[in-house]
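**Student:** What follows is work.txt, made up of compact mmCIF, C-alpha atoms (C1' of nucleotides):
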```txt
# COMPACT_ATOMS: atom_id res chain seq x y z
CA MET X 1 79.81 107.80 97.74
CA ASP X 2 80.35 109.31 101.17
CA GLY X 3 83.30 111.30 102.41
CA ALA X 4 85.14 108.46 104.08
CA GLU X 5 84.94 106.30 101.00
CA LEU X 6 86.14 109.09 98.74
CA GLY X 7 88.95 109.87 101.11
CA TRP X 8 89.98 106.25 101.16
CA GLU X 9 90.00 106.03 97.40
CA PHE X 10 92.05 109.20 97.31
CA SER X 11 94.64 107.91 99.73
CA THR X 12 94.86 104.62 97.87
CA ALA X 13 95.50 106.48 94.62
CA VAL X 14 98.24 108.50 96.31
CA VAL X 15 99.92 105.41 97.72
CA LEU X 16 99.80 103.59 94.39
CA PHE X 17 101.24 106.64 92.66
CA HIS X 18 104.12 106.71 95.12
CA GLU X 19 104.71 103.01 94.59
CA ALA X 20 104.75 103.49 90.84
CA ILE X 21 107.37 106.23 91.14
CA ALA X 22 109.58 104.06 93.34
CA ARG X 23 109.25 101.23 90.85
CA ARG X 24 110.14 103.51 88.00
CA LEU X 25 113.25 104.64 89.87
CA GLY X 26 114.13 101.05 90.66
CA LEU X 27 113.97 101.73 94.40
CA ASN X 28 112.50 99.83 97.30
CA ALA X 29 110.24 101.60 99.78
CA VAL X 30 112.97 102.54 102.26
CA ASP X 31 115.39 103.78 99.61
CA HIS X 32 112.62 105.83 98.04
CA LYS X 33 111.73 107.35 101.38
CA ALA X 34 115.39 108.14 102.00
CA LEU X 35 115.73 109.82 98.61
CA GLY X 36 112.64 111.88 99.39
CA LEU X 37 114.14 113.05 102.66
CA ILE X 38 117.44 113.92 101.02
CA THR X 39 115.78 115.73 98.15
CA ARG X 40 113.57 117.87 100.34
CA ASN X 41 115.60 118.36 103.49
CA GLY X 42 118.78 119.27 101.67
CA PRO X 43 122.10 117.52 102.29
CA LEU X 44 121.80 115.27 105.31
CA PRO X 45 124.48 113.52 107.36
CA ALA X 46 124.24 109.73 107.26
CA GLY X 47 123.41 109.60 110.93
CA ALA X 48 120.38 111.82 110.51
CA LEU X 49 119.07 109.43 107.88
CA ALA X 50 119.55 106.52 110.25
CA THR X 51 117.54 108.28 112.94
CA GLU X 52 114.83 109.37 110.53
CA LEU X 53 114.41 105.98 108.90
CA GLY X 54 114.77 104.02 112.10
CA ILE X 55 117.48 101.68 110.84
CA GLY X 56 121.04 101.10 111.97
CA ALA X 57 124.06 103.08 110.84
CA SER X 58 125.54 100.21 108.87
CA ALA X 59 122.33 99.77 106.92
CA ILE X 60 122.59 103.42 105.92
CA THR X 61 126.00 102.84 104.43
CA ALA X 62 124.53 100.10 102.24
CA LEU X 63 121.48 102.20 101.42
CA VAL X 64 123.54 105.20 100.33
CA ASP X 65 125.80 102.88 98.34
CA ARG X 66 122.74 101.77 96.38
CA LEU X 67 121.45 105.30 95.82
CA GLU X 68 124.91 106.53 94.87
CA ARG X 69 125.50 103.65 92.48
CA ALA X 70 122.17 104.45 90.85
CA GLY X 71 123.28 108.06 90.49
CA TYR X 72 120.58 109.60 92.69
CA VAL X 73 122.79 110.96 95.48
CA ARG X 74 126.36 111.93 96.21
CA ARG X 75 128.56 111.69 99.27
CA THR X 76 130.58 114.71 100.33
CA HIS X 77 132.67 115.18 103.43
CA ASP X 78 131.36 117.82 105.77
CA PRO X 79 134.13 120.46 105.83
CA ASP X 80 133.16 121.46 109.37
CA ASP X 81 133.43 117.94 110.73
CA ARG X 82 135.30 115.57 108.50
CA ARG X 83 133.94 112.51 110.24
CA ARG X 84 130.56 113.38 108.83
CA VAL X 85 129.40 112.31 105.40
CA LEU X 86 126.76 114.52 103.88
CA ILE X 87 124.38 112.92 101.44
CA SER X 88 123.00 115.25 98.81
CA ALA X 89 120.59 114.61 95.98
CA ASP X 90 122.09 114.47 92.52
CA THR X 91 119.23 116.30 90.86
CA GLY X 92 118.85 116.10 87.16
CA ARG X 93 120.10 112.53 87.33
CA VAL X 94 116.56 111.29 87.83
CA PRO X 95 115.41 109.69 84.54
CA ASP X 96 112.44 111.08 82.68
CA LEU X 97 110.68 111.42 85.98
CA GLY X 98 110.87 115.15 85.38
CA GLY X 99 108.59 114.53 82.44
CA ILE X 100 106.17 112.65 84.64
CA PHE X 101 105.99 115.46 87.15
CA ALA X 102 105.64 118.05 84.42
CA ASP X 103 102.82 115.99 83.00
CA LEU X 104 101.21 115.65 86.41
CA GLY X 105 101.46 119.39 86.95
CA HIS X 106 100.00 120.03 83.54
CA GLU X 107 97.02 117.77 84.11
CA MET X 108 96.42 119.21 87.54
CA ALA X 109 96.57 122.74 86.17
CA ALA X 110 94.09 121.74 83.48
CA PHE X 111 91.24 121.40 85.96
CA MET X 112 92.51 123.72 88.67
CA GLY X 113 92.15 126.56 86.23
CA LYS X 114 88.40 126.46 86.42
CA TYR X 115 88.32 127.36 90.12
CA ASP X 116 88.01 131.01 91.08
CA GLN X 117 90.01 132.65 93.85
CA ARG X 118 87.50 131.85 96.53
CA GLU X 119 87.18 128.22 95.51
CA LEU X 120 90.95 127.82 95.50
CA ALA X 121 91.06 129.17 99.02
CA VAL X 122 88.56 126.52 100.09
CA ILE X 123 90.64 123.75 98.53
CA VAL X 124 93.84 124.98 100.14
CA ASP X 125 92.05 125.20 103.46
CA TYR X 126 90.75 121.66 103.10
CA ILE X 127 94.17 120.27 102.20
CA THR X 128 95.93 122.17 104.98
CA ASN X 129 93.48 120.94 107.57
CA THR X 130 93.60 117.39 106.29
CA ILE X 131 97.40 117.38 106.46
CA ALA X 132 97.20 118.49 110.07
CA VAL X 133 94.72 115.75 110.93
CA LEU X 134 96.76 113.07 109.16
CA LYS X 135 99.91 114.15 110.96
CA ALA X 136 98.14 114.08 114.30
CA GLN X 137 96.73 110.60 113.66
CA THR X 138 100.09 109.34 112.41
CA ALA X 139 101.68 110.57 115.62
CA ARG X 140 98.93 108.88 117.61
CA LEU X 141 99.54 105.59 115.85
CA ALA X 142 103.28 105.88 116.34
CA SER X 143 103.00 106.60 120.04
CA ALA X 144 100.60 103.70 120.57
CA GLU X 145 103.09 101.43 118.84
CA ASP X 146 104.38 99.88 122.03
CA HIS X 147 100.83 99.58 123.44
CA MET S 1 103.73 127.74 99.42
CA ASP S 2 102.66 126.91 95.89
CA GLY S 3 100.28 124.18 94.78
CA ALA S 4 102.89 121.60 93.89
CA GLU S 5 104.59 121.93 97.24
CA LEU S 6 101.33 121.69 99.14
CA GLY S 7 100.30 118.69 97.08
CA TRP S 8 103.60 117.01 97.80
CA GLU S 9 103.29 117.62 101.51
CA PHE S 10 99.78 116.24 101.36
CA SER S 11 100.82 113.06 99.61
CA THR S 12 103.72 112.57 101.99
CA ALA S 13 101.33 112.85 104.94
CA VAL S 14 99.07 110.27 103.34
CA VAL S 15 101.92 107.84 102.74
CA LEU S 16 103.24 108.22 106.28
CA PHE S 17 99.75 107.66 107.66
CA HIS S 18 99.46 104.44 105.65
CA GLU S 19 102.85 103.32 106.89
CA ALA S 20 101.85 104.03 110.47
CA ILE S 21 98.71 101.92 110.07
CA ALA S 22 100.68 99.01 108.62
CA ARG S 23 103.12 99.27 111.50
CA ARG S 24 100.32 99.31 114.00
CA LEU S 25 98.89 96.17 112.44
CA GLY S 26 102.32 94.55 112.41
CA LEU S 27 102.22 94.16 108.64
CA ASN S 28 104.79 94.78 105.94
CA ALA S 29 103.86 96.83 102.89
CA VAL S 30 102.79 93.91 100.70
CA ASP S 31 100.72 92.22 103.41
CA HIS S 32 99.04 95.54 104.19
CA LYS S 33 98.23 96.07 100.54
CA ALA S 34 96.84 92.55 100.32
CA LEU S 35 94.67 93.10 103.38
CA GLY S 36 93.37 96.29 101.81
CA LEU S 37 92.43 94.47 98.63
CA ILE S 38 90.70 91.70 100.56
CA THR S 39 88.85 94.10 102.81
CA ARG S 40 87.53 96.23 99.97
CA ASN S 41 87.12 93.79 97.11
CA GLY S 42 85.34 91.19 99.19
CA PRO S 43 86.49 87.56 99.35
CA LEU S 44 89.19 86.94 96.75
CA PRO S 45 90.67 83.70 95.46
CA ALA S 46 94.37 83.32 96.21
CA GLY S 47 95.21 83.47 92.52
CA ALA S 48 93.58 86.85 92.11
CA LEU S 49 95.75 88.18 94.91
CA ALA S 50 98.84 86.81 93.19
CA THR S 51 97.92 88.60 89.97
CA GLU S 52 97.03 91.82 91.74
CA LEU S 53 100.16 91.93 93.86
CA GLY S 54 102.45 90.71 91.13
CA ILE S 55 103.99 87.91 93.16
CA GLY S 56 104.03 84.16 92.66
CA ALA S 57 101.35 81.76 93.85
CA SER S 58 103.55 80.14 96.46
CA ALA S 59 104.33 83.53 97.98
CA ILE S 60 100.59 84.07 98.37
CA THR S 61 100.29 80.92 100.43
CA ALA S 62 102.91 82.27 102.82
CA LEU S 63 101.35 85.73 102.81
CA VAL S 64 97.88 84.42 103.64
CA ASP S 65 99.42 82.20 106.31
CA ARG S 66 100.78 85.32 107.98
CA LEU S 67 97.52 87.26 107.71
CA GLU S 68 95.52 84.28 108.92
CA ARG S 69 97.86 83.63 111.86
CA ALA S 70 97.50 87.31 112.80
CA GLY S 71 93.72 86.90 112.67
CA TYR S 72 93.06 89.37 109.87
CA VAL S 73 91.72 86.97 107.24
CA ARG S 74 90.18 83.55 106.87
CA ARG S 75 90.46 80.82 104.25
CA THR S 76 87.29 79.19 102.96
CA HIS S 77 86.90 76.70 100.16
CA ASP S 78 84.96 78.03 97.21
CA PRO S 79 81.87 75.78 97.07
CA ASP S 80 81.61 76.32 93.30
CA ASP S 81 85.18 75.22 92.61
CA ARG S 82 86.77 73.33 95.40
CA ARG S 83 90.26 73.87 94.06
CA ARG S 84 89.89 77.54 94.87
CA VAL S 85 90.60 79.05 98.26
CA LEU S 86 88.75 82.24 99.00
CA ILE S 87 90.39 84.72 101.32
CA SER S 88 88.02 86.91 103.28
CA ALA S 89 88.68 89.63 105.80
CA ASP S 90 88.03 88.76 109.41
CA THR S 91 86.55 92.13 110.28
CA GLY S 92 86.31 93.11 113.88
CA ARG S 93 89.56 91.29 114.52
CA VAL S 94 91.51 94.45 113.74
CA PRO S 95 92.82 95.86 117.06
CA ASP S 96 91.78 99.30 118.22
CA LEU S 97 92.26 100.52 114.68
CA GLY S 98 88.53 101.10 114.64
CA GLY S 99 89.17 103.71 117.31
CA ILE S 100 91.80 105.36 115.14
CA PHE S 101 89.47 105.57 112.17
CA ALA S 102 86.65 106.85 114.31
CA ASP S 103 88.99 109.47 115.66
CA LEU S 104 90.15 110.38 112.17
CA GLY S 105 86.56 110.71 111.02
CA HIS S 106 85.74 112.82 114.03
CA GLU S 107 88.62 115.22 113.44
CA MET S 108 87.83 115.45 109.75
CA ALA S 109 84.18 116.18 110.50
CA ALA S 110 85.27 118.89 112.94
CA PHE S 111 86.54 121.15 110.19
CA MET S 112 84.44 119.85 107.32
CA GLY S 113 81.40 121.17 109.15
CA LYS S 114 82.29 124.73 108.43
CA TYR S 115 81.96 124.33 104.66
CA ASP S 116 78.65 125.09 103.02
CA GLN S 117 77.04 122.97 100.34
CA ARG S 118 78.71 124.78 97.48
CA GLU S 119 82.15 124.61 99.08
CA LEU S 120 81.78 120.90 99.73
CA ALA S 121 80.96 120.40 96.07
CA VAL S 122 84.19 122.16 95.13
CA ILE S 123 86.21 119.93 97.46
CA VAL S 124 84.61 116.77 96.13
CA ASP S 125 85.24 117.96 92.60
CA TYR S 126 88.86 118.66 93.39
CA ILE S 127 89.40 115.25 94.98
CA THR S 128 87.60 113.41 92.22
CA ASN S 129 89.67 115.09 89.54
CA THR S 130 92.89 114.56 91.43
CA ILE S 131 92.15 110.85 91.81
CA ALA S 132 91.63 110.61 88.07
CA VAL S 133 94.91 112.39 87.35
CA LEU S 134 96.83 110.23 89.82
CA LYS S 135 95.40 107.06 88.35
CA ALA S 136 96.32 108.19 84.86
CA GLN S 137 99.88 109.04 85.86
CA THR S 138 100.23 105.78 87.78
CA ALA S 139 99.18 103.91 84.67
CA ARG S 140 101.66 105.94 82.61
CA LEU S 141 104.47 105.06 84.98
CA ALA S 142 103.51 101.40 85.00
CA SER S 143 103.41 101.18 81.22
CA ALA S 144 106.77 102.92 80.88
CA GLU S 145 108.21 100.40 83.30
CA ASP S 146 109.98 98.40 80.63
CA HIS S 147 111.18 101.64 79.00
C1' DT M 1 149.38 115.07 124.12
C1' DA M 2 146.72 111.35 125.92
C1' DT M 3 141.98 109.75 126.41
C1' DA M 4 137.39 109.45 125.40
C1' DC M 5 134.02 110.08 122.27
C1' DT M 6 131.69 110.47 117.71
C1' DA M 7 130.64 109.32 112.59
C1' DC M 8 130.94 106.26 109.35
C1' DT M 9 132.41 101.83 107.18
C1' DT M 10 133.34 96.86 106.77
C1' DC M 11 132.12 92.26 107.26
C1' DA M 12 130.00 88.04 108.63
C1' DA M 13 125.65 86.34 110.29
C1' DT M 14 120.89 86.50 110.02
C1' DC M 15 116.20 87.52 108.82
C1' DG M 16 111.95 87.75 106.15
C1' DA M 17 110.08 87.24 101.84
C1' DT M 18 110.12 85.35 97.23
C1' DT M 19 111.07 81.99 93.67
C1' DG M 20 110.65 77.70 91.07
C1' DA M 21 109.93 72.80 90.97
C1' DA M 22 107.34 69.05 92.52
C1' DA M 23 103.08 67.28 94.77
C1' DT M 24 98.03 67.23 95.78
C1' DG M 25 93.45 67.62 94.91
C1' DT M 26 89.85 69.26 91.59
C1' DT M 27 87.53 70.37 87.30
C1' DC M 28 86.95 70.33 82.36
C1' DA M 29 86.92 68.35 77.58
C1' DC M 30 86.53 64.59 74.93
C1' DG Q 1 86.34 57.36 82.36
C1' DT Q 2 90.82 59.13 80.83
C1' DG Q 3 93.93 62.79 80.18
C1' DA Q 4 94.90 67.60 80.18
C1' DA Q 5 94.54 71.82 82.55
C1' DC Q 6 94.00 74.34 86.85
C1' DA Q 7 94.42 76.21 91.92
C1' DT Q 8 96.79 75.81 95.74
C1' DT Q 9 100.37 74.02 98.80
C1' DT Q 10 104.96 72.35 100.19
C1' DC Q 11 109.76 72.65 100.32
C1' DA Q 12 114.45 73.76 99.43
C1' DA Q 13 117.19 77.42 97.49
C1' DT Q 14 117.92 82.11 97.05
C1' DC Q 15 117.69 87.05 97.37
C1' DG Q 16 117.92 91.68 99.33
C1' DA Q 17 118.17 94.15 103.36
C1' DT Q 18 119.33 94.58 108.17
C1' DT Q 19 121.91 93.73 112.38
C1' DG Q 20 125.78 93.90 115.54
C1' DA Q 21 130.61 93.75 116.39
C1' DA Q 22 134.96 95.35 115.14
C1' DG Q 23 137.76 98.72 112.62
C1' DT Q 24 139.12 103.44 110.82
C1' DA Q 25 139.34 108.18 110.96
C1' DG Q 26 138.35 112.58 112.98
C1' DT Q 27 137.03 115.66 117.02
C1' DA Q 28 136.72 117.20 121.78
C1' DT Q 29 138.21 117.28 126.63
C1' DA Q 30 141.53 117.83 130.10
```
Could you render the structure from this file as structure tokens?
**Tutor:**
Amino acid sequence: MDGAELGWEFSTAVVLFHEAIARRLGLNAVDHKALGLITRNGPLPAGALATELGIGASAITALVDRLERAGYVRRTHDPDDRRRVLISADTGRVPDLGGIFADLGHEMAAFMGKYDQRELAVIVDYITNTIAVLKAQTARLASAEDH
Amino acid sequence: MDGAELGWEFSTAVVLFHEAIARRLGLNAVDHKALGLITRNGPLPAGALATELGIGASAITALVDRLERAGYVRRTHDPDDRRRVLISADTGRVPDLGGIFADLGHEMAAFMGKYDQRELAVIVDYITNTIAVLKAQTARLASAEDH
DNA sequence: TATACTACTTCAATCGATTGAAATGTTCAC
DNA sequence: GTGAACATTTCAATCGATTGAAGTAGTATA
């Protein structure tokens, strides 16, 4: 198996894992992506989500309604600008997904433990570089969108 | 940045790259997944796609119609069982995506070159193990689906 | 304080994709 | 050969998500 093939299998596994998580949460792809953004990038105003996801403002209202109804996020009024609605993740509300991630971490740690300091540095270097390449190619694809 | 965070950033980059490819091809998530299956797993009967994708047979007809109209796949009658319709990838028809993958490979090779034999072995080991863990966790999530 | 602007929501219309039932053509078992 | 089972297609109905226009509430400018 060459590098490209291994890389492809890797990326497929990642995508399927993401899909499985979304399914488990009962979320479609866009809602899952939105929840990811909210979880990582802290409380976000609805408008920022619209920009980020590339969908209209009214669709965001419906999207946040779904996430809020499911108990994954909360709406709060921005005290600095009361027109704004900040969406924040309602952590801890996520089902036994915590268990899944703990399990994932545990299994990862199980084989990561065998690498020495120098080997770990190589892996981190590889991942860091690959992330950079993927981001660059993603940007390339996005900019060529209108071709 | 700890391992979990780096891993998460990695997987996000992978998912966004996949999304960008689908966008570039003008395909939705399911159609893109179907095309991936067809491309890798050789010609597939329509029924196998239905099973794999978890959607009904009639939806497959519509899906293959879209892929065929876009020029990504072809229908051929299975000579061994003329009820069956085999879907095969129409390689070469994919736009300048070949250029993107060549570019990706080139950029990957650019930094992979600096690793020696032993370091490459570590990276391959890491990826192989991670794939196994992801597959296991994906299966776990899928089986817990009915919770 | 009046006016323009901004952020979000509501609602009806629409879109793309999926379902389920019925139809067609094909193979298998007897 | 007849009848049951199978693979795919067709079609109408439906579903979930998105759009765009209009409405509400809050902020900024002059």
**Student:** Residues of chain S within 9 Å of chain X: nearest atom pair and distance (Å, one decimal) for each, counting only C-alpha atoms, sorted by chain and number, as a Markdown table?
**Tutor:**
```
| residue | atom | partner | partner_atom | distance |
| --- | --- | --- | --- | --- |
| S:Gly3 | CA | X:Val124 | CA | 8.4 |
| S:Ala4 | CA | X:Gly105 | CA | 7.4 |
| S:Leu6 | CA | X:Ile127 | CA | 7.9 |
| S:Gly7 | CA | X:Ile127 | CA | 8.1 |
| S:Glu9 | CA | X:Ile131 | CA | 7.7 |
| S:Phe10 | CA | X:Ile131 | CA | 5.7 |
| S:Ser11 | CA | X:Val14 | CA | 6.2 |
| S:Thr12 | CA | X:Val14 | CA | 8.9 |
| S:Ala13 | CA | X:Ile131 | CA | 6.2 |
| S:Val14 | CA | X:Ser11 | CA | 6.2 |
| S:Val15 | CA | X:Val15 | CA | 5.9 |
| S:Leu16 | CA | X:Thr138 | CA | 7.0 |
| S:Phe17 | CA | X:Thr138 | CA | 5.0 |
| S:His18 | CA | X:Val15 | CA | 8.0 |
| S:Glu19 | CA | X:Thr138 | CA | 8.6 |
| S:Ala20 | CA | X:Thr138 | CA | 5.9 |
| S:Ile21 | CA | X:Leu141 | CA | 6.9 |
| S:Arg23 | CA | X:Glu145 | CA | 7.7 |
| S:Arg24 | CA | X:Glu145 | CA | 6.0 |
| S:Ala29 | CA | X:Ala29 | CA | 8.6 |
| S:Leu97 | CA | X:Leu141 | CA | 8.9 |
| S:Ile100 | CA | X:Gln137 | CA | 7.3 |
| S:Phe101 | CA | X:Gln137 | CA | 9.0 |
| S:Asp103 | CA | X:Gln137 | CA | 8.1 |
| S:Leu104 | CA | X:Gln137 | CA | 6.8 |
| S:Gly105 | CA | X:Ala4 | CA | 7.4 |
| S:Glu107 | CA | X:Val133 | CA | 6.6 |
| S:Met108 | CA | X:Val133 | CA | 7.0 |
| S:Phe111 | CA | X:Asn129 | CA | 7.4 |
| S:Met112 | CA | X:Tyr126 | CA | 7.8 |
| S:Tyr115 | CA | X:Val122 | CA | 8.3 |
| S:Glu119 | CA | X:Val122 | CA | 6.8 |
| S:Leu120 | CA | X:Val122 | CA | 8.8 |
| S:Val122 | CA | X:Glu119 | CA | 6.8 |
| S:Ile123 | CA | X:Ile123 | CA | 5.9 |
| S:Val124 | CA | X:Leu6 | CA | 8.3 |
| S:Tyr126 | CA | X:Ile123 | CA | 7.4 |
| S:Ile127 | CA | X:Phe10 | CA | 7.0 |
| S:Thr128 | CA | X:Leu6 | CA | 8.0 |
| S:Asn129 | CA | X:Phe111 | CA | 7.4 |
| S:Thr130 | CA | X:Met108 | CA | 7.0 |
| S:Ile131 | CA | X:Phe10 | CA | 5.7 |
| S:Ala132 | CA | X:Ala13 | CA | 8.7 |
| S:Val133 | CA | X:Glu107 | CA | 6.6 |
| S:Leu134 | CA | X:Ala13 | CA | 6.2 |
| S:Lys135 | CA | X:Ala13 | CA | 6.3 |
| S:Gln137 | CA | X:Leu104 | CA | 6.8 |
| S:Thr138 | CA | X:Phe17 | CA | 5.1 |
| S:Ala139 | CA | X:Ala20 | CA | 8.3 |
| S:Arg140 | CA | X:Ile100 | CA | 8.3 |
| S:Leu141 | CA | X:Ala20 | CA | 6.1 |
| S:Ala142 | CA | X:Ala20 | CA | 6.3 |
| S:Ala144 | CA | X:Arg24 | CA | 7.9 |
| S:Glu145 | CA | X:Arg24 | CA | 6.0 |
| S:Asp146 | CA | X:Arg24 | CA | 9.0 |
```
**Student:** Could you list, as a tab-separated table (two decimals) with C-alpha atoms, keeping the file's coordinate frame, the residues of chain X having an atom within 7 Å of chain Q when counting all atoms listed in the file?
**Tutor:**
```tsv
chain	number	residue	atom	x	y	z
X	59	ALA	CA	122.33	99.77	106.92
X	82	ARG	CA	135.30	115.57	108.50
X	83	ARG	CA	133.94	112.51	110.24
```
**Student:** I need the contact residues of chain X against chain M, so if you could list those with any atom within 9 Å, counting all atoms listed in the file, and return them as number ranges by chain, that would help.
**Tutor:** X: 46-47, 57-58, 61, 82-85
**Student:** Got a sec: who's within 6 Å of Leu86 (chain S), counting only C-alpha atoms (C1' of nucleotides), leaving out chain neighbours fewer than 5 positions off, as number ranges by chain?
**Tutor:** S: 43-45, 75-78
**Student:** Please indicate the distance in Å from CA of Ala70 (chain S) to CA of Arg93 (chain S), rounded to one decimal place.
**Tutor:** 9.0 Å
**Student:** Please report the interatomic distance between CA of Gly99 (chain S) and CA of Tyr72 (chain S) in Å with one decimal.
**Tutor:**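 Taking CA of Gly99 (chain S) and CA of Tyr72 (chain S), their separation equals 16.6 Å.
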**Student:** For a test of reading the model, state the distance in Å between CA of Leu27 (chain S) and CA of Leu67 (chain S), rounded to one decimal.
**Tutor:**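 CA of Leu27 (chain S) sits 8.4 Å away from CA of Leu67 (chain S).
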**Student:** Could you add whatever atoms are missing so that region 118-138 of chain S carries N, CA and C atoms, then write the result as a compact mmCIF listing (two decimals), in the frame of the given file?
**Tutor:**
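The resulting file, result.txt, is shown below:
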```
# COMPACT_ATOMS: atom_id res chain seq x y z
N ARG S 118 78.00 124.44 98.71
CA ARG S 118 78.71 124.78 97.48
C ARG S 118 80.21 124.53 97.64
N GLU S 119 80.72 124.84 98.81
CA GLU S 119 82.15 124.61 99.08
C GLU S 119 82.47 123.11 99.11
N LEU S 120 81.58 122.35 99.69
CA LEU S 120 81.78 120.90 99.73
C LEU S 120 81.84 120.33 98.32
N ALA S 121 80.98 120.87 97.46
CA ALA S 121 80.96 120.40 96.07
C ALA S 121 82.30 120.66 95.40
N VAL S 122 82.89 121.82 95.71
CA VAL S 122 84.19 122.16 95.13
C VAL S 122 85.25 121.17 95.60
N ILE S 123 85.23 120.87 96.90
CA ILE S 123 86.21 119.93 97.46
C ILE S 123 86.07 118.55 96.83
N VAL S 124 84.84 118.09 96.73
CA VAL S 124 84.61 116.77 96.13
C VAL S 124 85.07 116.78 94.68
N ASP S 125 84.81 117.86 93.99
CA ASP S 125 85.24 117.96 92.60
C ASP S 125 86.76 117.90 92.49
N TYR S 126 87.40 118.65 93.38
CA TYR S 126 88.86 118.66 93.39
C TYR S 126 89.42 117.26 93.63
N ILE S 127 88.90 116.59 94.65
CA ILE S 127 89.40 115.25 94.98
C ILE S 127 89.15 114.28 93.84
N THR S 128 87.94 114.32 93.30
CA THR S 128 87.60 113.41 92.22
C THR S 128 88.53 113.58 91.03
N ASN S 129 88.78 114.83 90.67
CA ASN S 129 89.67 115.09 89.54
C ASN S 129 91.10 114.66 89.84
N THR S 130 91.52 114.92 91.07
CA THR S 130 92.89 114.56 91.43
C THR S 130 93.08 113.04 91.39
N ILE S 131 92.08 112.32 91.87
CA ILE S 131 92.15 110.85 91.81
C ILE S 131 92.34 110.40 90.37
N ALA S 132 91.55 110.99 89.48
CA ALA S 132 91.63 110.61 88.07
C ALA S 132 93.02 110.87 87.51
N VAL S 133 93.57 112.04 87.85
CA VAL S 133 94.91 112.39 87.35
C VAL S 133 95.95 111.42 87.91
N LEU S 134 95.86 111.14 89.20
CA LEU S 134 96.83 110.23 89.82
C LEU S 134 96.76 108.85 89.18
N LYS S 135 95.54 108.39 88.96
CA LYS S 135 95.40 107.06 88.35
C LYS S 135 96.01 107.04 86.95
N ALA S 136 95.78 108.11 86.21
CA ALA S 136 96.32 108.19 84.86
C ALA S 136 97.85 108.18 84.87
N GLN S 137 98.42 108.97 85.78
CA GLN S 137 99.88 109.04 85.86
C GLN S 137 100.47 107.74 86.37
N THR S 138 99.76 107.08 87.29
CA THR S 138 100.23 105.78 87.78
C THR S 138 100.27 104.78 86.63
```
